[in-house]
Every structure is written in structure tokens, then in C-alpha cells.
file data.cif (mmCIF, C-alpha atoms and all ligand atoms)
data_final
#
loop_
_atom_site.label_atom_id
_atom_site.label_comp_id
_atom_site.auth_asym_id
_atom_site.auth_seq_id
_atom_site.Cartn_x
_atom_site.Cartn_y
_atom_site.Cartn_z
CA MET A 1 -13.98 3.12 -10.69
CA GLY A 2 -10.99 2.69 -8.39
CA ARG A 3 -8.38 2.56 -11.13
CA GLU A 4 -9.09 6.05 -12.47
CA PHE A 5 -5.83 7.46 -11.11
CA ILE A 6 -3.36 4.82 -12.25
CA HIS A 7 -2.40 6.77 -15.41
CA LEU A 8 -0.78 9.34 -13.07
CA PHE A 9 1.83 6.68 -12.38
CA ASP A 10 2.87 6.35 -16.09
CA ASP A 11 5.43 9.10 -15.52
CA TRP A 12 5.65 8.92 -11.74
CA ALA A 13 6.88 5.30 -11.88
CA LYS A 14 10.24 6.64 -13.16
CA SER A 15 10.65 9.47 -10.64
CA TYR A 16 8.81 8.02 -7.66
CA GLU A 17 11.97 7.36 -5.63
CA SER A 18 12.99 11.02 -5.85
CA SER A 19 9.56 12.04 -4.49
CA VAL A 20 9.70 9.72 -1.50
CA THR A 21 13.23 10.86 -0.66
CA GLY A 22 12.15 14.51 -0.49
CA GLN A 23 13.59 15.78 -3.78
CA ASP A 24 10.19 16.97 -5.03
CA LYS A 25 9.63 19.99 -2.78
CA GLU A 26 5.85 19.99 -3.22
CA TYR A 27 5.59 16.43 -1.88
CA ARG A 28 8.29 16.75 0.81
CA ASP A 29 5.76 17.09 3.66
CA VAL A 30 3.64 14.22 2.31
CA PHE A 31 6.61 11.87 2.39
CA GLU A 32 8.25 13.19 5.55
CA GLY A 33 9.39 10.20 7.61
CA TYR A 34 8.56 7.84 4.71
CA GLU A 35 10.95 5.05 5.77
CA ASN A 36 9.62 5.09 9.35
CA ILE A 37 6.03 5.06 8.11
CA LEU A 38 6.69 1.94 6.03
CA GLU A 39 8.59 0.29 8.92
CA LYS A 40 5.69 0.89 11.29
CA VAL A 41 3.24 -0.75 8.89
CA ALA A 42 5.55 -3.69 8.13
CA ASN A 43 6.34 -4.31 11.81
CA ALA A 44 2.66 -4.39 12.80
CA SER A 45 1.86 -7.04 10.17
CA THR A 46 2.14 -10.79 10.74
CA GLY A 47 2.23 -14.01 8.74
CA THR A 48 0.62 -13.99 5.32
CA VAL A 49 0.09 -10.43 4.14
CA ILE A 50 -1.84 -8.90 1.26
CA GLU A 51 -0.26 -5.62 0.18
CA PHE A 52 -2.31 -3.32 -2.06
CA GLY A 53 -0.61 -0.86 -4.42
CA THR A 54 2.97 -2.08 -4.08
CA GLY A 55 4.24 0.74 -6.31
CA THR A 56 8.02 0.48 -6.58
CA GLY A 57 8.10 -2.16 -3.84
CA ASN A 58 9.42 -0.08 -0.94
CA LEU A 59 6.96 -1.43 1.62
CA THR A 60 7.13 -4.86 -0.02
CA LEU A 61 10.89 -5.00 0.60
CA LYS A 62 10.35 -4.24 4.29
CA LEU A 63 7.65 -6.90 4.56
CA VAL A 64 9.95 -9.47 2.95
CA ALA A 65 12.84 -8.46 5.24
CA ALA A 66 10.51 -8.93 8.24
CA GLY A 67 9.83 -12.50 7.07
CA ARG A 68 6.26 -12.02 5.86
CA ASP A 69 4.72 -14.16 3.13
CA VAL A 70 3.62 -11.38 0.75
CA ILE A 71 0.88 -11.32 -1.86
CA GLY A 72 1.37 -8.02 -3.71
CA ILE A 73 -1.57 -6.56 -5.65
CA GLU A 74 -0.77 -3.71 -8.06
CA PRO A 75 -2.82 -2.47 -11.06
CA HIS A 76 -0.09 -0.50 -12.88
CA GLU A 77 2.08 -2.60 -15.19
CA SER A 78 5.29 -0.55 -14.81
CA MET A 79 4.93 -0.45 -11.04
CA ARG A 80 4.28 -4.19 -10.98
CA GLU A 81 7.41 -4.75 -13.05
CA ILE A 82 9.54 -2.70 -10.64
CA THR A 83 8.16 -4.52 -7.58
CA GLY A 84 8.72 -7.85 -9.33
CA ARG A 85 12.35 -6.99 -10.09
CA ARG A 86 13.05 -5.89 -6.51
CA CYS A 87 11.06 -8.65 -4.79
CA PRO A 88 11.32 -11.68 -7.09
CA ASN A 89 10.10 -14.20 -4.53
CA ILE A 90 6.70 -12.79 -3.70
CA GLN A 91 3.39 -13.57 -5.36
CA LEU A 92 2.53 -10.50 -7.47
CA VAL A 93 -0.96 -10.07 -8.89
CA ASP A 94 -2.53 -7.68 -11.41
CA GLY A 95 -5.42 -6.35 -9.34
CA ASP A 96 -6.55 -3.44 -7.23
CA LEU A 97 -8.20 -2.59 -3.92
CA GLN A 98 -11.59 -3.74 -5.22
CA ASN A 99 -10.85 -6.41 -7.80
CA PHE A 100 -8.34 -9.10 -7.05
CA SER A 101 -8.13 -12.82 -7.12
CA ILE A 102 -5.91 -14.79 -4.76
CA GLU A 103 -5.57 -18.44 -3.90
CA ASP A 104 -7.60 -19.68 -0.97
CA LYS A 105 -5.36 -19.30 2.09
CA VAL A 106 -5.49 -17.75 5.55
CA ILE A 107 -4.66 -14.04 5.45
CA ASP A 108 -3.25 -12.55 8.65
CA SER A 109 -2.79 -8.90 7.63
CA ILE A 110 -3.87 -6.54 4.85
CA VAL A 111 -1.56 -3.57 4.38
CA SER A 112 -0.98 -0.57 2.14
CA THR A 113 0.77 2.78 2.21
CA TYR A 114 -0.34 5.87 0.25
CA VAL A 115 -3.09 3.96 -1.60
CA PHE A 116 -6.48 3.90 0.15
CA HIS A 117 -7.36 7.46 -0.99
CA HIS A 118 -7.77 6.14 -4.56
CA LEU A 119 -11.25 4.96 -3.56
CA THR A 120 -14.31 7.10 -2.86
CA ASP A 121 -15.70 6.84 0.67
CA GLU A 122 -18.50 4.56 -0.55
CA GLU A 123 -15.92 2.29 -2.20
CA LYS A 124 -13.76 2.32 0.92
CA GLN A 125 -16.73 1.23 2.99
CA GLU A 126 -17.53 -1.63 0.60
CA VAL A 127 -13.97 -3.01 0.41
CA LEU A 128 -13.53 -2.98 4.18
CA LYS A 129 -16.48 -5.38 4.40
CA THR A 130 -14.80 -7.62 1.82
CA TYR A 131 -11.49 -7.51 3.74
CA ALA A 132 -13.31 -8.46 6.96
CA LYS A 133 -14.42 -11.67 5.26
CA LEU A 134 -10.79 -12.52 4.34
CA LEU A 135 -9.52 -12.16 7.91
CA GLN A 136 -10.01 -14.31 10.99
CA ALA A 137 -10.75 -12.78 14.41
CA GLY A 138 -7.65 -10.81 15.45
CA GLY A 139 -6.55 -10.31 11.82
CA LYS A 140 -5.50 -6.78 10.98
CA ILE A 141 -5.79 -4.09 8.36
CA ILE A 142 -2.79 -1.78 8.64
CA PHE A 143 -2.82 1.25 6.38
CA ALA A 144 -0.92 4.52 6.27
CA ASP A 145 -2.33 7.22 4.04
CA THR A 146 -3.15 10.90 3.76
CA ALA A 147 -6.26 11.80 5.73
CA PHE A 148 -7.45 14.76 7.77
CA ALA A 149 -8.78 15.30 11.27
CA SER A 150 -11.75 17.13 9.72
CA GLU A 151 -12.93 18.78 6.46
CA GLU A 152 -11.75 22.10 7.94
CA HIS A 153 -8.23 20.70 8.38
CA LYS A 154 -8.28 19.53 4.76
CA LEU A 155 -9.41 22.93 3.45
CA ALA A 156 -6.76 24.64 5.56
CA GLN A 157 -4.07 22.37 4.08
CA VAL A 158 -5.20 23.12 0.50
CA LYS A 159 -5.12 26.83 1.33
CA LYS A 160 -1.64 26.53 2.83
CA GLU A 161 -0.29 24.71 -0.24
CA ARG A 162 -1.84 27.24 -2.67
CA ALA A 163 -0.38 30.11 -0.61
CA ARG A 164 3.12 28.73 -1.14
CA ASP A 165 2.39 28.00 -4.84
CA PHE A 166 2.40 24.23 -4.35
CA HIS A 167 -0.47 23.80 -6.79
CA ALA A 168 0.36 20.23 -7.82
CA VAL A 169 -0.16 18.94 -4.30
CA ALA A 170 -3.20 21.21 -3.75
CA ASP A 171 -4.77 19.94 -7.00
CA ASP A 172 -4.05 16.38 -5.90
CA LEU A 173 -5.84 17.01 -2.58
CA GLU A 174 -8.88 18.32 -4.45
CA ARG A 175 -8.86 15.61 -7.15
CA GLU A 176 -8.52 12.36 -5.19
CA TYR A 177 -10.62 11.01 -2.31
CA TYR A 178 -8.78 12.07 0.83
CA THR A 179 -11.17 11.56 3.68
CA THR A 180 -11.39 12.36 7.37
CA ILE A 181 -10.51 10.31 10.44
CA PRO A 182 -14.08 10.36 11.88
CA LYS A 183 -15.40 8.97 8.57
CA LEU A 184 -12.70 6.29 8.47
CA GLN A 185 -13.44 5.38 12.08
CA THR A 186 -17.12 4.81 11.25
CA MET A 187 -16.24 2.77 8.15
CA PHE A 188 -13.88 0.46 10.04
CA GLN A 189 -16.32 0.02 12.92
CA GLU A 190 -19.24 -0.76 10.63
CA ALA A 191 -17.11 -3.40 8.89
CA GLY A 192 -16.43 -5.08 12.27
CA PHE A 193 -13.05 -3.66 13.27
CA ASP A 194 -11.63 -1.92 16.32
CA VAL A 195 -9.36 0.80 14.98
CA ILE A 196 -6.66 3.11 16.27
CA PHE A 197 -5.19 6.11 14.45
CA ASN A 198 -1.88 7.97 14.87
CA GLN A 199 -0.88 11.02 12.87
CA LEU A 200 2.65 10.52 11.48
CA ASN A 201 3.22 13.79 9.61
CA ASP A 202 1.14 16.75 8.32
CA TYR A 203 -0.58 14.39 5.87
CA VAL A 204 -0.20 10.77 6.77
CA TRP A 205 -2.14 8.85 9.39
CA TYR A 206 -1.38 5.34 10.55
CA MET A 207 -4.47 3.19 10.99
CA GLU A 208 -4.44 -0.24 12.60
CA ALA A 209 -7.76 -2.06 12.57
CA THR A 210 -8.30 -5.38 14.31
CA LYS A 211 -11.15 -7.66 13.40
CA THR A 212 -13.19 -8.31 16.51
CA ARG A 213 -14.42 -11.69 17.68
CA GLU A 214 -18.06 -10.53 17.68
CA THR A 215 -18.04 -10.14 13.90
CA ILE A 216 -16.93 -13.71 13.47
CA ASN A 217 -19.86 -14.98 15.52
CA LYS A 218 -22.48 -13.01 13.61
C1 LIG B 301 1.51 6.67 -4.22
S1 LIG B 301 1.84 5.05 -4.80
C2 LIG B 301 2.25 4.18 -3.31
C3 LIG B 301 3.23 3.08 -3.56
C4 LIG B 301 3.76 2.37 -2.30
N1 LIG B 301 2.68 1.71 -1.60
C5 LIG B 301 4.48 3.32 -1.40
O1 LIG B 301 4.10 3.47 -0.23
O2 LIG B 301 5.45 3.93 -1.84
C6 LIG B 301 0.20 4.43 -5.15
C7 LIG B 301 0.21 3.05 -5.82
O3 LIG B 301 -1.14 2.57 -5.81
C8 LIG B 301 -1.47 2.06 -7.08
N2 LIG B 301 -2.92 2.20 -7.26
C9 LIG B 301 -3.63 3.16 -7.89
N3 LIG B 301 -4.95 2.90 -7.83
C10 LIG B 301 -5.07 1.73 -7.14
C11 LIG B 301 -6.18 0.91 -6.76
N4 LIG B 301 -7.43 1.26 -7.04
N5 LIG B 301 -5.92 -0.22 -6.08
C12 LIG B 301 -4.66 -0.58 -5.75
N6 LIG B 301 -3.57 0.14 -6.09
C13 LIG B 301 -3.78 1.29 -6.78
C14 LIG B 301 -0.64 2.89 -8.06
O4 LIG B 301 -0.47 2.21 -9.29
C15 LIG B 301 0.65 3.07 -7.29
O5 LIG B 301 1.54 2.02 -7.51
#
call {"tool": "encode", "arguments": {"input": "data.cif", "output": "C-alpha cells"}}
result
Amino acid sequence: MGREFIHLFDDWAKSYESSVTGQDKEYRDVFEGYENILEKVANASTGTVIEFGTGTGNLTLKLVAAGRDVIGIEPHESMREITGRRCPNIQLVDGDLQNFSIEDKVIDSIVSTYVFHHLTDEEKQEVLKTYAKLLQAGGKIIFADTAFASEEHKLAQVKKERARDFHAVADDLEREYYTTIPKLQTMFQEAGFDVIFNQLNDYVWYMEATKTRETINK
């Protein structure tokens, strides 16, 4: 599991930039403020950074511009190719949120945008424990992704999208593993992180989780 949605990017790899720039009306609200969302994630990162799901390299470019040492992990070949072309000096790995192999070095931050929902909640919980082992005390996970304040908010959003005939985005919400903020909060805490959340648009939440010292000492 975990890679079951990557075929969706066979076609989307070619038109992804038009989606993130608001030209696909169904996804306009999902990508509202896209550039600022990526900037916020890049700016909060430090040092050596693992980025999951680089896609076309938009966040990767911002990380490189901010002087980060980036290890990009992307399962889709076409996406990996595009990131590689745009960011030739980073280390780019064929891997995913759950399965990846990197050289043994200190990781300061783990980042991703619009990716974490590809895992079920059980899978999310498992990988957060793995990421905790990669980070030192004070190390951060910084994600931005679609999530909802509650299941009711999610259902209301699906209803709203169906009412305006945006069935592609409504189907997407029902197909993939978009979770709630209370569930994410529990997952991060159980993996040994202090976490803060900020809602950035109708869909996307920023989450910044800091590994606490207590976990290290356990
Ligand atoms: C919606 S795009 C986001 C791309 C980029 N991060 C951005 O913000 O524009 C999702 C990306 O995650 C990748 N992906 C899909 N499943 C994944 C998984 N299990 N682990 C890591 N990346 C995955 C896809 O191939 C795609 O490149």
C-alpha cells in the first residue's frame, strides 16, 4: 500500500502546473495560495531536509533557494524526471513515504506538501514513528496537506463540491485518505512530537511537529 495512487500522476504530471496555478477550476480552492504554502514549509525547514513526493519540484526549488541540502524522495518516474531536470544538484531517490533508503546522515527536517493523504491513518501513524527515529531532539516534520477540522467538516466539503458539480474533487476526497486534525494531533503526539496546526485555505493545513527531548531519553 502507499503507492496505490501514483498512477493518477501519469497524466497529471503533464498538466500539474496548470492545476497549481488555478487553471483547473475544480482544484482552484485546493491550491489557493499555493506559492505561499510552499514558502511557509520551506522557510520553517533547516539544514539537511528529506522531501517526500517532490512532484514537479516546486517545493524542492524553494528549499534549494533557501540553501537547504535536499534529499528528494518521489515514487513516480515522470515526476522524478521533472524534479531532476529542475533541481539537478539535489539527491533524488526512487522511494515513497514508507519505503526509502538514504545514506546515514543527520536529518534536520522532513517536509512534504500535498502528499501525506496518500497513506491510511494506520500507515501515517507507523511512518511518523519511523521519522522520529531519523530526527534528533528539536528536529521537525513540516507538512502541508488537505485535512479537516472534523469528519463533519469533510462531509460538508464533499457536499459543497457535489452541489457545484465539482465531482472530480469530491471523488478525490472520498477516494484518498484525508484525515482530521484531532487524529493527526494524536498521531504526532504518540510518535513523540509537539505539533501545531494552521489552516491555510479551505483544504490545506500547515502542520509543524517538533521532536521533543523526552522521546530521545526514552
Ligand atoms: C499532489 S502531488 C504534490 C507534489 C508537490 N509536493 C507539490 O506540492 O506540488 C503528490 C506527489 O506525491 C507523490 N506520491 C504519491 N504517493 C506517494 C507516496 N506513497 N509516497 C511519496 N510520494 C507519493 C506523487 O507521485 C506526486 O508526485
call {"tool": "residues_near_ligand", "arguments": {"input": "data.cif", "ligand": "ligand LIG 301 (chain B)", "cutoff": "8 Å", "atoms": "only C-alpha atoms and all ligand atoms", "output": "PyMOL selection string"}}
result
chain A and resi 1-7+9+13+16+20+34+38+52-59+73-76+79-80+95-98+112-116+118-119
call {"tool": "residues_around", "arguments": {"input": "data.cif", "residues": "A:Phe193", "least_positions_apart": "5", "cutoff": "7 Å", "atoms": "all atoms listed in the file", "output": "number ranges by chain"}}
result
A: 188, 209-212
call {"tool": "residues_around", "arguments": {"input": "data.cif", "residues": "A:Gln136", "least_positions_apart": "4", "cutoff": "8 Å", "atoms": "all atoms listed in the file", "output": "MDAnalysis selection string"}}
result
chainID A and resid 106:108 132 211 216
call {"tool": "closest_residue", "arguments": {"input": "data.cif", "among": "A:Glu81, A:Glu39, A:Glu151, A:Glu208", "to": "A:Pro182", "atoms": "only C-alpha atoms"}}
result
A:Glu151
call {"tool": "atom_distance", "arguments": {"input": "data.cif", "atom1": "atom CA of A:Asp94", "atom2": "atom CA of A:Glu51"}}
result
12.0 Å
call {"tool": "atom_distance", "arguments": {"input": "data.cif", "atom1": "atom CA of A:Ala168", "atom2": "atom CA of A:Asp121"}}
result
22.6 Å
call {"tool": "atom_distance", "arguments": {"input": "data.cif", "atom1": "atom CA of A:Glu123", "atom2": "atom CA of A:Phe148"}}
result
18.1 Å
call {"tool": "closest_residue", "arguments": {"input": "data.cif", "among": "A:Val70, A:Val111, A:Ile82, A:Val127", "to": "A:Ala44", "atoms": "only C-alpha atoms"}}
result
A:Val111
call {"tool": "build_atoms", "arguments": {"input": "data.cif", "residues": "stretch 185-217 of chain A", "atoms": "N, CA and C atoms", "output": "compact mmCIF listing (two decimals), keeping the file's coordinate frame"}}
result
# COMPACT_ATOMS: atom_id res chain seq x y z
N GLN A 185 -13.12 6.11 10.84
CA GLN A 185 -13.44 5.38 12.08
C GLN A 185 -14.80 4.67 11.94
N THR A 186 -15.79 5.40 11.43
CA THR A 186 -17.12 4.81 11.25
C THR A 186 -17.06 3.64 10.26
N MET A 187 -16.32 3.84 9.16
CA MET A 187 -16.24 2.77 8.15
C MET A 187 -15.65 1.49 8.73
N PHE A 188 -14.53 1.64 9.47
CA PHE A 188 -13.88 0.46 10.04
C PHE A 188 -14.82 -0.21 11.05
N GLN A 189 -15.45 0.60 11.89
CA GLN A 189 -16.32 0.02 12.92
C GLN A 189 -17.49 -0.72 12.29
N GLU A 190 -18.08 -0.11 11.26
CA GLU A 190 -19.24 -0.76 10.63
C GLU A 190 -18.85 -2.06 9.92
N ALA A 191 -17.56 -2.16 9.54
CA ALA A 191 -17.11 -3.40 8.89
C ALA A 191 -16.66 -4.44 9.92
N GLY A 192 -16.74 -4.09 11.23
CA GLY A 192 -16.43 -5.08 12.27
C GLY A 192 -15.02 -5.01 12.83
N PHE A 193 -14.42 -3.82 12.77
CA PHE A 193 -13.05 -3.66 13.27
C PHE A 193 -13.00 -2.67 14.43
N ASP A 194 -12.06 -2.94 15.37
CA ASP A 194 -11.63 -1.92 16.32
C ASP A 194 -10.45 -1.22 15.67
N VAL A 195 -10.42 0.11 15.72
CA VAL A 195 -9.36 0.80 14.98
C VAL A 195 -8.70 1.87 15.83
N ILE A 196 -7.37 1.99 15.64
CA ILE A 196 -6.66 3.11 16.27
C ILE A 196 -5.98 3.92 15.17
N PHE A 197 -5.83 5.20 15.41
CA PHE A 197 -5.19 6.11 14.45
C PHE A 197 -4.05 6.87 15.14
N ASN A 198 -2.95 7.06 14.40
CA ASN A 198 -1.88 7.97 14.87
C ASN A 198 -1.48 8.84 13.70
N GLN A 199 -1.34 10.14 13.96
CA GLN A 199 -0.88 11.02 12.87
C GLN A 199 0.65 10.96 12.82
N LEU A 200 1.20 10.72 11.61
CA LEU A 200 2.65 10.52 11.48
C LEU A 200 3.38 11.71 10.86
N ASN A 201 2.68 12.52 10.08
CA ASN A 201 3.22 13.79 9.61
C ASN A 201 2.03 14.69 9.26
N ASP A 202 2.26 15.83 8.59
CA ASP A 202 1.14 16.75 8.32
C ASP A 202 0.04 16.08 7.49
N TYR A 203 0.38 15.04 6.77
CA TYR A 203 -0.58 14.39 5.87
C TYR A 203 -0.98 12.98 6.30
N VAL A 204 0.02 12.22 6.66
CA VAL A 204 -0.20 10.77 6.77
C VAL A 204 -0.64 10.33 8.16
N TRP A 205 -1.66 9.50 8.17
CA TRP A 205 -2.14 8.85 9.39
C TRP A 205 -1.92 7.35 9.28
N TYR A 206 -1.51 6.79 10.41
CA TYR A 206 -1.38 5.34 10.55
C TYR A 206 -2.70 4.82 11.08
N MET A 207 -3.23 3.77 10.47
CA MET A 207 -4.47 3.19 10.99
C MET A 207 -4.30 1.68 11.14
N GLU A 208 -4.57 1.20 12.32
CA GLU A 208 -4.44 -0.24 12.60
C GLU A 208 -5.79 -0.74 13.08
N ALA A 209 -6.40 -1.59 12.28
CA ALA A 209 -7.76 -2.06 12.57
C ALA A 209 -7.72 -3.56 12.82
N THR A 210 -8.31 -3.97 13.94
CA THR A 210 -8.30 -5.38 14.31
C THR A 210 -9.71 -5.94 14.21
N LYS A 211 -9.83 -7.04 13.52
CA LYS A 211 -11.15 -7.66 13.40
C LYS A 211 -11.57 -8.23 14.75
N THR A 212 -12.76 -7.89 15.17
CA THR A 212 -13.19 -8.31 16.51
C THR A 212 -13.86 -9.67 16.46
N ARG A 213 -13.83 -10.35 17.59
CA ARG A 213 -14.42 -11.69 17.68
C ARG A 213 -15.92 -11.66 17.38
N GLU A 214 -16.60 -10.59 17.85
CA GLU A 214 -18.06 -10.53 17.68
C GLU A 214 -18.48 -10.67 16.22
N THR A 215 -17.69 -10.10 15.33
CA THR A 215 -18.04 -10.14 13.90
C THR A 215 -18.06 -11.57 13.40
N ILE A 216 -17.07 -12.33 13.89
CA ILE A 216 -16.93 -13.71 13.47
C ILE A 216 -18.20 -14.50 13.82
N ASN A 217 -18.73 -14.20 15.03
CA ASN A 217 -19.86 -14.98 15.52
C ASN A 217 -21.20 -14.58 14.90
